[in-house]
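*Asks:* This one is final_10.txt, compact mmCIF, C-alpha atoms and all ligand atoms.
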```txt
# COMPACT_ATOMS: atom_id res chain seq x y z
CA MET A 1 10.32 -0.41 -36.61
CA ASN A 2 7.19 0.94 -34.93
CA TYR A 3 7.40 -1.17 -31.79
CA SER A 4 4.05 -0.03 -30.37
CA GLU A 5 2.21 -1.14 -33.53
CA GLU A 6 4.10 -4.44 -33.69
CA ILE A 7 3.36 -5.14 -30.03
CA LYS A 8 -0.34 -4.45 -30.65
CA ARG A 9 -0.35 -6.88 -33.58
CA LEU A 10 1.46 -9.62 -31.65
CA LYS A 11 -0.82 -9.21 -28.65
CA LYS A 12 -3.87 -9.95 -30.80
CA GLU A 13 -2.21 -12.80 -32.69
CA LYS A 14 -1.04 -14.54 -29.49
CA ASN A 15 -3.86 -13.62 -27.08
CA ALA A 16 -1.35 -11.84 -24.86
CA VAL A 17 -1.85 -9.15 -22.26
CA ILE A 18 0.66 -6.54 -21.07
CA LEU A 19 0.71 -5.61 -17.40
CA ALA A 20 2.87 -2.72 -16.20
CA HIS A 21 3.72 -1.33 -12.78
CA TYR A 22 3.42 2.43 -12.24
CA TYR A 23 7.21 2.61 -11.81
CA GLN A 24 7.84 1.63 -15.45
CA GLU A 25 8.94 4.23 -18.03
CA ALA A 26 6.14 6.32 -19.58
CA GLU A 27 6.46 4.58 -23.00
CA ILE A 28 5.80 1.21 -21.31
CA GLN A 29 2.87 2.53 -19.27
CA ASP A 30 1.39 3.87 -22.50
CA ILE A 31 1.29 0.48 -24.27
CA ALA A 32 0.12 -1.53 -21.23
CA ASP A 33 -3.33 -3.10 -21.21
CA TYR A 34 -3.36 -2.76 -17.44
CA LEU A 35 -1.39 -0.43 -15.20
CA GLY A 36 -1.33 -1.02 -11.46
CA ASP A 37 0.49 -1.43 -8.19
CA SER A 38 1.59 -4.80 -6.79
CA LEU A 39 -1.86 -5.81 -5.56
CA ASN A 40 -3.88 -4.69 -8.60
CA LEU A 41 -1.50 -6.39 -11.00
CA ALA A 42 -1.63 -9.69 -9.09
CA LYS A 43 -5.45 -9.57 -9.21
CA ILE A 44 -5.52 -8.69 -12.91
CA ALA A 45 -3.13 -11.55 -13.65
CA ILE A 46 -5.64 -13.98 -12.08
CA GLU A 47 -8.68 -12.51 -13.83
CA SER A 48 -7.16 -12.30 -17.31
CA ASN A 49 -8.11 -14.86 -19.99
CA ALA A 50 -4.89 -14.28 -21.91
CA ASP A 51 -2.57 -17.18 -22.78
CA ILE A 52 0.52 -15.01 -22.35
CA ILE A 53 1.21 -12.38 -19.70
CA VAL A 54 4.04 -9.95 -20.45
CA PHE A 55 4.89 -8.51 -17.04
CA CYS A 56 6.57 -5.12 -17.29
CA GLY A 57 7.90 -4.84 -13.78
CA VAL A 58 10.51 -6.66 -11.72
CA HIS A 59 11.20 -10.35 -11.21
CA PHE A 60 9.18 -10.97 -8.03
CA MET A 61 6.07 -9.54 -9.74
CA ALA A 62 6.34 -11.84 -12.76
CA GLU A 63 7.09 -14.76 -10.43
CA THR A 64 3.96 -13.96 -8.39
CA ALA A 65 1.89 -13.84 -11.59
CA LYS A 66 3.26 -17.28 -12.57
CA ILE A 67 2.48 -18.77 -9.14
CA LEU A 68 -1.09 -17.48 -9.42
CA ASN A 69 -1.43 -18.68 -13.04
CA PRO A 70 0.61 -21.87 -13.43
CA ARG A 71 -0.93 -22.65 -16.84
CA LYS A 72 -0.26 -19.26 -18.39
CA LYS A 73 3.02 -18.29 -20.01
CA VAL A 74 4.52 -15.37 -18.04
CA LEU A 75 7.29 -13.38 -19.73
CA LEU A 76 9.56 -10.78 -18.09
CA PRO A 77 10.99 -8.38 -20.72
CA VAL A 78 14.36 -7.98 -18.96
CA MET A 79 15.49 -10.92 -16.81
CA LYS A 80 17.91 -8.85 -14.71
CA SER A 81 15.06 -6.61 -13.45
CA GLY A 82 15.30 -7.49 -9.77
CA CYS A 83 14.33 -5.80 -6.53
CA LEU A 84 16.95 -4.66 -4.03
CA MET A 85 14.52 -5.19 -1.17
CA ALA A 86 13.62 -8.73 -2.26
CA ASP A 87 17.35 -9.53 -2.26
CA MET A 88 17.58 -8.61 1.44
CA ILE A 89 16.03 -11.87 2.58
CA THR A 90 16.88 -15.49 1.75
CA PRO A 91 15.00 -18.72 2.48
CA ALA A 92 18.00 -19.94 4.53
CA ALA A 93 17.90 -16.87 6.80
CA LEU A 94 14.12 -17.10 7.20
CA LYS A 95 14.37 -20.84 7.98
CA ARG A 96 16.87 -20.00 10.76
CA TYR A 97 14.50 -17.40 12.18
CA LYS A 98 11.62 -19.90 12.10
CA GLU A 99 13.68 -22.52 13.94
CA GLU A 100 14.39 -19.98 16.69
CA HIS A 101 10.75 -18.72 16.77
CA PRO A 102 8.60 -21.79 15.99
CA ASN A 103 5.32 -20.17 17.09
CA THR A 104 5.71 -16.89 15.23
CA LYS A 105 3.53 -16.27 12.16
CA ILE A 106 5.46 -15.05 9.14
CA ILE A 107 3.89 -12.20 7.18
CA THR A 108 5.86 -11.47 4.05
CA TYR A 109 5.72 -8.45 1.79
CA VAL A 110 5.10 -9.39 -1.83
CA ASN A 111 8.52 -7.83 -2.64
CA SER A 112 10.28 -11.12 -1.86
CA PRO A 113 11.53 -14.25 -3.67
CA ALA A 114 9.04 -17.12 -4.20
CA SER A 115 11.25 -19.34 -2.00
CA VAL A 116 10.66 -16.92 0.91
CA LYS A 117 6.92 -16.64 0.20
CA ALA A 118 6.79 -20.45 0.36
CA LEU A 119 7.98 -20.34 4.00
CA SER A 120 5.40 -17.71 4.98
CA ASP A 121 1.94 -17.87 6.54
CA CYS A 122 0.59 -14.92 4.61
CA ILE A 123 1.71 -12.43 1.96
CA CYS A 124 0.76 -8.75 1.87
CA THR A 125 1.27 -5.71 -0.32
CA SER A 126 1.48 -2.06 0.68
CA THR A 127 -2.30 -1.81 0.09
CA ASN A 128 -3.32 -4.48 2.59
CA ALA A 129 -0.30 -4.77 4.96
CA LEU A 130 -1.97 -2.95 7.86
CA LYS A 131 -5.15 -5.03 7.61
CA ILE A 132 -3.28 -8.32 7.47
CA ILE A 133 -0.82 -7.49 10.25
CA ASN A 134 -3.70 -6.35 12.49
CA HIS A 135 -5.67 -9.48 11.73
CA TYR A 136 -2.87 -11.66 13.15
CA LEU A 137 -2.21 -9.33 16.10
CA ASP A 138 -5.93 -9.27 16.98
CA GLN A 139 -5.82 -13.08 17.15
CA GLY A 140 -3.05 -12.75 19.77
CA GLU A 141 -0.38 -14.17 17.45
CA SER A 142 3.25 -13.12 17.60
CA ILE A 143 4.41 -12.15 14.13
CA LEU A 144 7.45 -11.41 12.04
CA TYR A 145 6.97 -8.88 9.27
CA CYS A 146 9.56 -9.24 6.50
CA PRO A 147 11.50 -7.96 4.66
CA ASP A 148 10.52 -4.24 4.73
CA GLN A 149 11.40 -2.64 8.07
CA ASN A 150 9.72 0.67 7.20
CA LEU A 151 6.27 -0.64 6.38
CA GLY A 152 6.59 -2.91 9.45
CA LYS A 153 7.48 -0.02 11.76
CA TYR A 154 4.71 2.10 10.23
CA ALA A 155 2.14 -0.63 11.01
CA MET A 156 3.58 -0.99 14.52
CA LYS A 157 3.23 2.72 15.17
CA LEU A 158 -0.36 2.89 13.88
CA GLY A 159 -1.47 -0.27 15.68
CA GLY A 160 0.46 0.39 18.93
CA LYS A 161 1.54 -3.27 19.22
CA ASN A 162 5.09 -4.62 18.96
CA PHE A 163 6.24 -7.38 16.66
CA ASP A 164 9.43 -8.54 14.97
CA VAL A 165 10.52 -6.74 11.82
CA TRP A 166 13.17 -7.86 9.32
CA GLU A 167 15.89 -5.27 8.66
CA GLY A 168 15.35 -5.03 4.88
CA CYS A 169 14.26 -1.93 2.99
CA CYS A 170 13.79 -0.41 -0.45
CA PRO A 171 16.93 1.75 -0.75
CA ILE A 172 15.15 4.10 -3.16
CA HIS A 173 12.48 5.00 -0.58
CA HIS A 174 14.63 4.43 2.53
CA HIS A 175 17.33 6.98 1.66
CA LEU A 176 15.02 9.89 0.86
CA ASP A 177 16.17 12.89 2.90
CA PRO A 178 13.32 14.64 4.84
CA LYS A 179 15.04 17.98 4.18
CA LYS A 180 14.02 17.66 0.51
CA ILE A 181 10.33 17.59 1.47
CA ILE A 182 10.67 20.36 4.05
CA GLU A 183 12.30 22.62 1.44
CA LEU A 184 9.61 21.84 -1.15
CA LYS A 185 6.85 22.47 1.38
CA GLU A 186 8.32 25.90 2.09
CA LYS A 187 8.41 26.64 -1.62
CA TYR A 188 4.92 25.25 -2.34
CA PRO A 189 2.90 25.70 0.87
CA ALA A 190 -0.38 24.65 -0.79
CA ALA A 191 1.07 21.31 -1.93
CA LYS A 192 -0.14 18.02 -0.45
CA VAL A 193 2.64 15.56 0.39
CA LEU A 194 1.99 11.99 -0.78
CA VAL A 195 4.30 9.31 0.64
CA HIS A 196 4.80 5.58 0.15
CA PRO A 197 5.16 3.76 3.51
CA GLU A 198 8.40 2.12 2.28
CA CYS A 199 9.88 5.52 3.31
CA GLN A 200 11.27 6.03 6.81
CA GLU A 201 9.15 7.44 9.64
CA SER A 202 10.88 10.83 9.33
CA ILE A 203 9.31 11.10 5.84
CA VAL A 204 5.94 9.49 6.60
CA LYS A 205 5.32 11.99 9.39
CA LEU A 206 5.54 14.82 6.83
CA ALA A 207 2.80 13.23 4.72
CA ASP A 208 -0.71 14.48 4.14
CA TYR A 209 -1.41 10.96 2.96
CA ALA A 210 0.58 7.70 3.00
CA GLY A 211 -0.39 4.68 0.92
CA SER A 212 0.41 2.24 -1.87
CA THR A 213 1.19 3.60 -5.32
CA LYS A 214 -2.42 3.16 -6.48
CA GLN A 215 -3.77 4.69 -3.27
CA LEU A 216 -1.53 7.74 -3.83
CA LEU A 217 -2.80 8.04 -7.40
CA ASP A 218 -6.44 7.77 -6.24
CA TYR A 219 -5.80 10.38 -3.55
CA ALA A 220 -4.38 12.79 -6.16
CA ILE A 221 -7.39 12.21 -8.45
CA GLN A 222 -9.94 12.80 -5.69
CA SER A 223 -8.17 15.66 -3.89
CA GLU A 224 -9.29 19.29 -4.26
CA ALA A 225 -5.61 20.32 -4.17
CA SER A 226 -3.87 21.17 -7.42
CA ILE A 227 -0.23 20.64 -6.45
CA PHE A 228 1.42 17.59 -4.90
CA ILE A 229 4.87 16.63 -3.64
CA ILE A 230 5.43 12.96 -4.48
CA ALA A 231 7.61 10.80 -2.24
CA THR A 232 7.67 7.52 -4.12
CA GLU A 233 9.25 6.20 -7.32
CA LYS A 234 9.10 8.78 -10.10
CA GLY A 235 7.25 6.58 -12.64
CA VAL A 236 3.95 7.20 -10.89
CA ILE A 237 4.11 10.86 -11.85
CA HIS A 238 3.40 9.92 -15.48
CA ALA A 239 0.24 8.07 -14.40
CA MET A 240 -0.76 11.02 -12.20
CA GLU A 241 -0.24 13.53 -15.01
CA GLN A 242 -2.28 11.37 -17.38
CA ALA A 243 -5.12 11.10 -14.87
CA CYS A 244 -4.98 14.76 -13.73
CA PRO A 245 -3.72 16.94 -16.60
CA ASN A 246 -4.56 20.15 -14.72
CA LYS A 247 -2.67 19.29 -11.55
CA THR A 248 1.04 19.67 -10.81
CA PHE A 249 3.18 16.85 -9.44
CA ILE A 250 6.65 17.50 -8.03
CA LEU A 251 9.01 14.61 -7.35
CA ALA A 252 10.46 14.99 -3.82
CA SER A 253 13.97 14.05 -5.07
CA PRO A 254 15.57 12.93 -8.36
CA SER A 255 16.98 9.97 -6.41
CA LEU A 256 13.48 8.40 -6.39
CA SER A 257 14.19 6.29 -9.45
CA CYS A 258 14.36 2.48 -9.36
CA ARG A 259 17.05 1.27 -11.76
CA ASP A 260 15.49 -2.16 -12.13
CA MET A 261 12.05 -0.77 -12.99
CA LYS A 262 13.62 1.36 -15.70
CA TYR A 263 15.43 -1.38 -17.63
CA THR A 264 12.38 -2.31 -19.76
CA THR A 265 12.14 -0.74 -23.23
CA LEU A 266 9.55 -1.11 -25.97
CA LYS A 267 12.08 -3.16 -27.93
CA ASP A 268 12.40 -5.62 -25.02
CA VAL A 269 8.63 -6.02 -24.84
CA TYR A 270 8.47 -6.60 -28.59
CA GLU A 271 11.34 -9.14 -28.54
CA VAL A 272 9.97 -11.27 -25.69
CA LEU A 273 6.49 -11.28 -27.15
CA ASN A 274 7.72 -12.10 -30.63
CA HIS A 275 10.06 -14.94 -29.60
CA GLU A 276 8.27 -15.91 -26.35
CA THR A 277 11.55 -15.74 -24.49
CA ASN A 278 12.34 -14.88 -20.85
CA GLU A 279 9.65 -17.21 -19.57
CA ILE A 280 9.32 -17.38 -15.78
CA PHE A 281 9.33 -20.81 -14.13
CA VAL A 282 8.87 -21.57 -10.45
CA ASP A 283 9.76 -24.87 -8.75
CA ASP A 284 6.51 -26.87 -8.18
CA THR A 285 6.81 -27.29 -4.39
CA ILE A 286 7.80 -23.66 -3.89
CA ALA A 287 4.93 -22.55 -6.11
CA VAL A 288 2.33 -24.64 -4.22
CA ASN A 289 3.47 -23.34 -0.83
CA ALA A 290 3.85 -19.74 -1.99
CA LYS A 291 0.34 -19.88 -3.50
CA LYS A 292 -1.09 -20.95 -0.12
CA ALA A 293 0.40 -17.82 1.45
CA LEU A 294 -0.88 -15.65 -1.43
CA ASP A 295 -4.36 -17.19 -1.18
CA GLU A 296 -4.34 -16.35 2.52
CA MET A 297 -3.68 -12.73 1.57
CA PHE A 298 -6.66 -12.71 -0.83
CA ARG A 299 -8.84 -14.37 1.83
CA LEU A 300 -7.97 -11.76 4.46
CA SER A 301 -7.95 -8.63 2.31
P1 LIG B 401 3.19 -1.03 -4.45
O1 LIG B 401 3.14 -1.45 -5.86
O2 LIG B 401 2.42 -1.96 -3.57
O3 LIG B 401 2.83 0.39 -4.20
O4 LIG B 401 4.72 -1.21 -3.96
C1 LIG B 401 5.70 -0.38 -4.39
C2 LIG B 401 6.94 -1.05 -4.83
O5 LIG B 401 7.99 -0.79 -4.36
C3 LIG B 401 6.87 -2.03 -5.87
O6 LIG B 401 8.14 -2.46 -6.12
FE1 LIG B 402 12.27 -3.00 -5.19
FE2 LIG B 402 12.31 -0.49 -4.32
FE3 LIG B 402 12.58 -0.98 -6.92
FE4 LIG B 402 10.20 -1.39 -5.70
S1 LIG B 402 11.23 0.56 -5.98
S2 LIG B 402 11.24 -2.75 -7.15
S3 LIG B 402 10.90 -2.08 -3.66
S4 LIG B 402 14.00 -1.62 -5.28
```
Rewrite the structure of this file - the entire thing - as structure tokens.
*Replies:*
Amino acid sequence: MNYSEEIKRLKKEKNAVILAHYYQEAEIQDIADYLGDSLNLAKIAIESNADIIVFCGVHFMAETAKILNPRKKVLLPVMKSGCLMADMITPAALKRYKEEHPNTKIITYVNSPASVKALSDCICTSTNALKIINHYLDQGESILYCPDQNLGKYAMKLGGKNFDVWEGCCPIHHHLDPKKIIELKEKYPAAKVLVHPECQESIVKLADYAGSTKQLLDYAIQSEASIFIIATEKGVIHAMEQACPNKTFILASPSLSCRDMKYTTLKDVYEVLNHETNEIFVDDTIAVNAKKALDEMFRLS
């Protein structure tokens, strides 16, 4: 079966839209109506007039789309597509922290379960984390940033103010060895190093530019340089090569591959769209409270 053609037909028939994160396989990026990072995809999900959203990404992304669009049907092609970082925080643990720190504002990275978002004052993504954290700090608030320790420490370093940081991380970014980048820089001295702030400080300090996946892509498009070392998940290289066919992109390490982002195949997308299976549901109270924290993010960013 020609899955791409069948998906196109079903999309029209059912008024469906396909959103894909840059970390998805190339074949999925190529059939997506919209490609983006966490923030862009959340915004597109709100703006879309589709009745069905097929979210090619991981569970927290589809869950966020559902919270923002309670009346739309949101389908996740592979239900086991999770996020190792999102699993590093639970509502029970966050509730305990809140009991011990009743006056602390909770700023939660979008890579988290809905039940954790529901206990938060504001959500952020890698695009707007610095702005949102600084907003609360400028108001004199004490804050907890959860669950990504690296983005939290990065914001702390740039802003020069201390706050609490949860000890979670994205293992794919966190375990990147700086030696890999140093070696590649020696081999390709003209290359610009682009880094996602989910990496540790030892990596970020080697960067010519650090930012969200979309910000890295935009930097590559606008840069005069023709060769780049990429320190984020490897899927983005496909998007970069599509946007800049004359530039060279070198992945900093083959370990930069997220298993959960790679589960989705064209067949999965076809199956869920055809049978309308793998629908995402969120408990009503959790959804209402999580939406308040997401709306706060949109208000501040
Ligand atoms: P962004 O999409 O905000 O760049 O975050 C990267 C990520 O790890 C998504 O899972
Ligand atoms: Fe989660 Fe990391 Fe995979 Fe993103 S790349 S989905 S943060 S495990």
*Asks:* Write as a list in words the residues around ligand LIG 402 (chain B), taking 6 Å as the cut-off and counting all atoms listed in the file.
*Replies:* Cys83, Leu84, Met85, Cys170, Ile172 and Cys258 of chain A
*Asks:* Rounded to one decimal place, report the atom CA of Ala86 of chain A-atom CA of Lys292 of chain A distance in Å.
*Replies:*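 Taking atom CA of Ala86 of chain A as the start and atom CA of Lys292 of chain A as the end point, the length is 19.2 Å.
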*Asks:* Between A:Asp284, A:Asp138, A:Asp177, A:Asp148, which has the minimum distance to Ser115 of chain A (counting only C-alpha atoms)?
*Replies:* A:Asp284
*Asks:* So which residues touch Leu76 of chain A within 8 Å, counting all atoms listed in the file, skipping near sequence neighbours fewer than 4 positions away, as a list of chain:residue names?
*Replies:* A:Val54, A:Phe55, A:Cys56, A:Gly57, A:Val58, A:His59, A:Ala62, A:Val272, A:Asn278, A:Glu279, A:Ile280
*Asks:* Could you pull out every residue with an atom within 6 Å of (4.6, 16.4, -2.1), file coordinates, counting only C-alpha atoms, and send them as a compact mmCIF listing (two decimals) with C-alpha atoms, keeping the file's coordinate frame?
*Replies:*
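What landed in out-v3.txt:
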```
# COMPACT_ATOMS: atom_id res chain seq x y z
CA LYS A 192 -0.14 18.02 -0.45
CA VAL A 193 2.64 15.56 0.39
CA LEU A 194 1.99 11.99 -0.78
CA PHE A 228 1.42 17.59 -4.90
CA ILE A 229 4.87 16.63 -3.64
CA ILE A 230 5.43 12.96 -4.48
```
*Asks:* Return the single residue from A:Val78, A:Ala207, A:Leu35, A:Ile28 that is closest to ligand LIG 401 (chain B), with distances computed using only C-alpha atoms and all ligand atoms.
*Replies:* A:Leu35
*Asks:* Please, which residues in chain A fall within 10 Å of ligand LIG 401 (chain B) when counting all atoms listed in the file, and what is the closest atom pair and distance in Å to one decimal for each, ordered by chain then residue number, as a tab-separated table?
*Replies:*
```
residue	atom	partner	partner_atom	distance
A:His21	CA	B:LIG401	O1	6.9
A:Tyr22	CA	B:LIG401	O1	7.5
A:Tyr23	CA	B:LIG401	C3	7.5
A:Gly36	CA	B:LIG401	O1	7.2
A:Asp37	CA	B:LIG401	O1	3.5
A:Ser38	CA	B:LIG401	O1	3.8
A:Leu39	CA	B:LIG401	O2	6.1
A:Asn40	CA	B:LIG401	O1	8.2
A:Leu41	CA	B:LIG401	O1	8.5
A:Gly57	CA	B:LIG401	O6	8.0
A:Val58	CA	B:LIG401	O6	7.4
A:His59	CA	B:LIG401	O6	9.9
A:Phe60	CA	B:LIG401	O6	8.8
A:Met61	CA	B:LIG401	O6	8.2
A:Gly82	CA	B:LIG401	O6	9.5
A:Cys83	CA	B:LIG401	O6	7.0
A:Leu84	CA	B:LIG401	O6	9.3
A:Met85	CA	B:LIG401	O5	8.5
A:Ala86	CA	B:LIG401	O6	9.2
A:Tyr109	CA	B:LIG401	O2	9.0
A:Val110	CA	B:LIG401	O2	8.1
A:Asn111	CA	B:LIG401	O6	6.4
A:Ser112	CA	B:LIG401	O6	9.9
A:Cys124	CA	B:LIG401	O2	8.9
A:Thr125	CA	B:LIG401	O2	5.1
A:Ser126	CA	B:LIG401	O2	4.4
A:Thr127	CA	B:LIG401	O2	6.0
A:Asn128	CA	B:LIG401	O2	8.8
A:Ala129	CA	B:LIG401	O2	9.4
A:Cys169	CA	B:LIG401	O5	9.7
A:Cys170	CA	B:LIG401	O5	7.0
A:Pro171	CA	B:LIG401	O5	10.0
A:Ile172	CA	B:LIG401	O5	8.8
A:His173	CA	B:LIG401	O5	8.2
A:His196	CA	B:LIG401	O3	7.1
A:Pro197	CA	B:LIG401	O3	8.7
A:Glu198	CA	B:LIG401	O5	7.3
A:Gly211	CA	B:LIG401	O3	7.4
A:Ser212	CA	B:LIG401	O3	3.8
A:Thr213	CA	B:LIG401	O3	3.8
A:Lys214	CA	B:LIG401	O3	6.4
A:Gln215	CA	B:LIG401	O3	7.9
A:Leu216	CA	B:LIG401	O3	8.6
A:Thr232	CA	B:LIG401	C1	8.1
A:Glu233	CA	B:LIG401	O5	7.7
A:Val236	CA	B:LIG401	O3	9.6
A:Cys258	CA	B:LIG401	O6	8.6
A:Asp260	CA	B:LIG401	O6	9.5
A:Met261	CA	B:LIG401	O6	8.1
```
*Asks:* Include C-alpha atoms and write out the residues we just selected as an mmCIF file, in the coordinates of the input.
*Replies:*
```
data_model
loop_
_atom_site.group_PDB
_atom_site.id
_atom_site.type_symbol
_atom_site.label_atom_id
_atom_site.label_comp_id
_atom_site.auth_asym_id
_atom_site.auth_seq_id
_atom_site.Cartn_x
_atom_site.Cartn_y
_atom_site.Cartn_z
ATOM 1 C CA HIS A 21 3.720 -1.330 -12.780
ATOM 2 C CA TYR A 22 3.420 2.430 -12.240
ATOM 3 C CA TYR A 23 7.210 2.610 -11.810
ATOM 4 C CA GLY A 36 -1.330 -1.020 -11.460
ATOM 5 C CA ASP A 37 0.490 -1.430 -8.190
ATOM 6 C CA SER A 38 1.590 -4.800 -6.790
ATOM 7 C CA LEU A 39 -1.860 -5.810 -5.560
ATOM 8 C CA ASN A 40 -3.880 -4.690 -8.600
ATOM 9 C CA LEU A 41 -1.500 -6.390 -11.000
ATOM 10 C CA GLY A 57 7.900 -4.840 -13.780
ATOM 11 C CA VAL A 58 10.510 -6.660 -11.720
ATOM 12 C CA HIS A 59 11.200 -10.350 -11.210
ATOM 13 C CA PHE A 60 9.180 -10.970 -8.030
ATOM 14 C CA MET A 61 6.070 -9.540 -9.740
ATOM 15 C CA GLY A 82 15.300 -7.490 -9.770
ATOM 16 C CA CYS A 83 14.330 -5.800 -6.530
ATOM 17 C CA LEU A 84 16.950 -4.660 -4.030
ATOM 18 C CA MET A 85 14.520 -5.190 -1.170
ATOM 19 C CA ALA A 86 13.620 -8.730 -2.260
ATOM 20 C CA TYR A 109 5.720 -8.450 1.790
ATOM 21 C CA VAL A 110 5.100 -9.390 -1.830
ATOM 22 C CA ASN A 111 8.520 -7.830 -2.640
ATOM 23 C CA SER A 112 10.280 -11.120 -1.860
ATOM 24 C CA CYS A 124 0.760 -8.750 1.870
ATOM 25 C CA THR A 125 1.270 -5.710 -0.320
ATOM 26 C CA SER A 126 1.480 -2.060 0.680
ATOM 27 C CA THR A 127 -2.300 -1.810 0.090
ATOM 28 C CA ASN A 128 -3.320 -4.480 2.590
ATOM 29 C CA ALA A 129 -0.300 -4.770 4.960
ATOM 30 C CA CYS A 169 14.260 -1.930 2.990
ATOM 31 C CA CYS A 170 13.790 -0.410 -0.450
ATOM 32 C CA PRO A 171 16.930 1.750 -0.750
ATOM 33 C CA ILE A 172 15.150 4.100 -3.160
ATOM 34 C CA HIS A 173 12.480 5.000 -0.580
ATOM 35 C CA HIS A 196 4.800 5.580 0.150
ATOM 36 C CA PRO A 197 5.160 3.760 3.510
ATOM 37 C CA GLU A 198 8.400 2.120 2.280
ATOM 38 C CA GLY A 211 -0.390 4.680 0.920
ATOM 39 C CA SER A 212 0.410 2.240 -1.870
ATOM 40 C CA THR A 213 1.190 3.600 -5.320
ATOM 41 C CA LYS A 214 -2.420 3.160 -6.480
ATOM 42 C CA GLN A 215 -3.770 4.690 -3.270
ATOM 43 C CA LEU A 216 -1.530 7.740 -3.830
ATOM 44 C CA THR A 232 7.670 7.520 -4.120
ATOM 45 C CA GLU A 233 9.250 6.200 -7.320
ATOM 46 C CA VAL A 236 3.950 7.200 -10.890
ATOM 47 C CA CYS A 258 14.360 2.480 -9.360
ATOM 48 C CA ASP A 260 15.490 -2.160 -12.130
ATOM 49 C CA MET A 261 12.050 -0.770 -12.990
#
```
*Asks:* Distance atom CA of Pro147 of chain A-atom CA of Lys73 of chain A, one decimal place?
*Replies:*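 The value is 28.1 Å.
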*Asks:* Return the single residue from A:Ile123, A:Ile18, A:Ala93, A:Ile46 that is closest to Leu75 of chain A, with distances computed using only C-alpha atoms.
*Replies:*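 Smallest separation from Leu75 of chain A among the options: A:Ile18.
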*Asks:* If we count only C-alpha atoms and set the cut-off at 10 Å, which residues sit around Thr265 of chain A, ignoring sequence neighbours fewer than 6 positions away in its own chain? Please answer as a ChimeraX atom specification.
*Replies:* /A:3,24-28,56,77-78,271
*Asks:* Fix up segment 228-239 of chain A with N, CA and C atoms, then write it as a CSV table (one decimal), in the frame of the given file.
*Replies:*
```
chain,number,residue,atom,x,y,z
A,228,PHE,N,1.1,18.7,-5.8
A,228,PHE,CA,1.4,17.6,-4.9
A,228,PHE,C,2.9,17.4,-4.9
A,229,ILE,N,3.5,17.0,-3.7
A,229,ILE,CA,4.9,16.6,-3.6
A,229,ILE,C,4.8,15.1,-3.5
A,230,ILE,N,5.5,14.4,-4.4
A,230,ILE,CA,5.4,13.0,-4.5
A,230,ILE,C,6.7,12.3,-3.9
A,231,ALA,N,6.5,11.5,-2.9
A,231,ALA,CA,7.6,10.8,-2.2
A,231,ALA,C,7.5,9.3,-2.5
A,232,THR,N,7.6,8.9,-3.7
A,232,THR,CA,7.7,7.5,-4.1
A,232,THR,C,8.4,7.5,-5.5
A,233,GLU,N,8.5,6.3,-6.1
A,233,GLU,CA,9.2,6.2,-7.3
A,233,GLU,C,8.7,7.1,-8.4
A,234,LYS,N,9.5,7.7,-9.2
A,234,LYS,CA,9.1,8.8,-10.1
A,234,LYS,C,8.1,8.4,-11.2
A,235,GLY,N,8.1,7.0,-11.5
A,235,GLY,CA,7.2,6.6,-12.6
A,235,GLY,C,5.8,6.9,-12.4
A,236,VAL,N,5.4,7.0,-11.2
A,236,VAL,CA,4.0,7.2,-10.9
A,236,VAL,C,3.5,8.6,-11.3
A,237,ILE,N,4.5,9.5,-11.5
A,237,ILE,CA,4.1,10.9,-11.8
A,237,ILE,C,3.5,10.9,-13.3
A,238,HIS,N,4.0,10.0,-14.1
A,238,HIS,CA,3.4,9.9,-15.5
A,238,HIS,C,1.9,9.5,-15.4
A,239,ALA,N,1.6,8.5,-14.6
A,239,ALA,CA,0.2,8.1,-14.4
A,239,ALA,C,-0.6,9.2,-13.8
```
